[in-house]
Structure formats: structure tokens, C-alpha cells
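Asks: Please find one structure pasted underneath; my questions will follow.
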Amino acid sequence: MTAIDNLLADARIPTAPREAFDVGAALRRLAADAAAVAARPHPDTVRAAQAGQRLSVVCRWILNKPDAADHVESLAQEPGAVTADQLDVDGALVFACLLHLTDHRESAQFWWQLAAGAGHRAAAYCLHLHHLALGETREARHWLHEVTDDVLDSEAPDNVFLATLEAVATYVRRTGTSLAGAPTGGLEMEVDRLATAKNGSCIIVQRPDRRLADLLHDFTRR
């Protein structure tokens with residue numbers, strides 16, 4: 001054997017019998033990969049869900065404030081049609097939050113808009129989260145601008161304030177503190193009573209009455 005033959009022998013790569021390709025195993029791997037991708041939620045879906053959770057926490061916090069029932073009582077006592085000049089904007093905010101928590105979302109939007117139109121920034125923030133939860137990013141950006149715009153109000157909340165509020169909402173949601181308590185069945189039934197009351201052709205839940213205000217007083221005392 002020549003030197004060239006020796007070199008070629010040393011360079012030969014040993015081969016092993018080729019294993020049969022497992023088509024079934026490959027298809028199972030592909031199916032598992034596809035399922036993992038499908039199970040991963042879209043970022044827009046995650047953002048909407050988080051906004052809805054934050055809104056519920058903010059609403060429950062507002063509903064549990066000591067003066068919440070007083071403002072709803074004031075709103076209930078206002079005579080005739082509600083105008084921007086006569087409106088108890090805090091009462092409209094509380095009532096809207098109660099409507100949201102009892103699944104009357106369109107009516108909640110209406111009352112939030114009344115309060116936000118009167119300059120209530122918390123109502124505008126609720127509208128921001130409300131539209132974000134619905135995936136309506138354009139409307140959500142509009143109401144966030146209403147929250148942060150400082151042209152008319154030098155005390156407009158800044159990004160640090162909003163980040164803190166969102167952190168508190170996340171903490172409450174995760175720890176389940178008393179702020180996350182849902183409305184009682186009594187409150188839900190009273191709102192349903194108002195929703196089914198005759199109010200012409202309007203689908204919006206009518207203004208709260210004294211009966212609801214009294215029940216809300218009992219709720220906040222508890």
C-alpha cells in the first residue's frame with residue numbers, strides 16, 4: 001500500500017446504517033409546536049385583558065370610597081333631566097363604576113362620558129381603560145390624552161401617577177384585598193331594577209334613585 005493509500009484510508013469517515021425516518025414522531029413534534037404557537041395569546045389580547053382587570057379594580061376602589069353613596073344620593077335628588085351644570089360629577093363616576101361592575105357596560109360608558117365631559121379626569125381614565133379593553137385603541141388614546149392634558153389644569157396627573165395607579169391595580173388584583181370585593185347581590189338587583197324600568201326607547205340605565213343610594217350607603221358602611 002502506497003503512502004497515498006494510507007492517507008486515504010485514514011481520511012475515510014466511518015458510516016453507520018441510516019435509521020429509518022419516523023414520520024409519526026415528526027408529525028407529533030410539528031403538531032406540538034403549532035399548538036404552542038396557537039396557545040400563545042396575541043399582545044393585543046393580553047393588553048385588552050389587563051385593561052379590563054385594571055378597570056374593574058379602579059371601579060371597586062371608587063365604589064368603596066366613604067363618600068361614594070353621598071354623591072349617588074346627590075345625583076338621585078337632582079330634579080328633571082341631568083345637565084352638565086347640575087350634574088354631581090362624582091356621583092356620575094360612582095354610578096358608572098357600579099354599572100360597569102354589574103355588566104351594564106354601555107350605560108357605564110354613557111355616565112363616564114357625562115362626568116368626563118364635565119372635566120372629571122378619573123372618569124376619563126375609566127373611559128381610557130374601557131375602550132382599551134374593547135380593543136378600541138383610537139378612542140383609548142383620546143381619553144388618555146384627556147387625562148394627561150395639562151393645558152387647562154396645571155395639576156393634571158403625569159405618567160408617574162398613572163404608572164403608580166396601574167401598579168396598585170395590579171397589586172390589588174393579585175392579592176385579593178378588600179378593594180377587589182365585588183358588589184353584593186342586592187346592589188346588582190337594584191341596578192337591574194333600574195335597567196328594566198320604563199324609560200322610553202332609551203337603552204341606557206336611568207339615573208339612580210333614593211332606593212339605590214340607601215342600599216349603597218349600607219354597602220359602603222360594611
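Each chain in the C-alpha cells gets a letter, A, B and so on, in the order shown; residues start at 1 in every chain, and ligands are counted from 1 in the order they appear.
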Counting only C-alpha atoms, what is within 9 Å of segment 105-110 of chain A, bar same-chain residues fewer than 2 positions away, as a ChimeraX atom specification?
Replies: /A:93,95-103,112-115,126-127,130,203-206
Asks: Applying 8 Å and only C-alpha atoms, which residues near Leu132 of chain A remain after dropping the ones on its own chain fewer than 3 positions away? List them as number ranges by chain.
Replies: A: 47-48, 51-52, 128-129, 135-137, 139-140
Asks: Write out the residues from the selection above, keeping N, CA and C atoms, as a short mmCIF file (atom, residue, chain, number, x, y, z; two decimals), in the first residue's frame.
Replies:
```
data_model
loop_
_atom_site.label_atom_id
_atom_site.label_comp_id
_atom_site.auth_asym_id
_atom_site.auth_seq_id
_atom_site.Cartn_x
_atom_site.Cartn_y
_atom_site.Cartn_z
N ARG A 47 -53.18 42.86 26.28
CA ARG A 47 -53.34 44.26 26.69
C ARG A 47 -54.80 44.56 27.00
N ALA A 48 -55.72 44.05 26.20
CA ALA A 48 -57.15 44.28 26.46
C ALA A 48 -57.58 43.64 27.77
N ALA A 51 -56.30 45.65 30.70
CA ALA A 51 -57.06 46.89 30.86
C ALA A 51 -58.39 46.62 31.54
N GLY A 52 -59.05 45.54 31.15
CA GLY A 52 -60.32 45.19 31.78
C GLY A 52 -60.16 44.89 33.25
N HIS A 128 -60.68 55.50 29.18
CA HIS A 128 -59.45 55.02 28.53
C HIS A 128 -59.33 53.51 28.68
N LEU A 129 -59.48 53.01 29.90
CA LEU A 129 -59.38 51.57 30.14
C LEU A 129 -60.54 50.82 29.50
N GLY A 135 -60.53 46.87 22.77
CA GLY A 135 -59.65 46.88 21.61
C GLY A 135 -59.78 48.13 20.77
N GLU A 136 -60.43 49.17 21.30
CA GLU A 136 -60.65 50.41 20.56
C GLU A 136 -59.53 51.39 20.91
N THR A 137 -58.37 51.17 20.30
CA THR A 137 -57.17 51.92 20.69
C THR A 137 -57.26 53.40 20.36
N GLU A 139 -59.96 55.39 20.44
CA GLU A 139 -60.74 56.05 21.49
C GLU A 139 -59.98 56.04 22.81
N ALA A 140 -59.26 54.94 23.07
CA ALA A 140 -58.48 54.85 24.31
C ALA A 140 -57.41 55.93 24.36
#
```
Asks: Nearest to Trp61 of chain A: which of A:Leu134, A:Ala197, A:Ala116, A:Val168 is it, counting only C-alpha atoms?
Replies: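 Ranking A:Leu134, A:Ala197, A:Ala116, A:Val168 by distance to Trp61 of chain A, first place goes to A:Val168.
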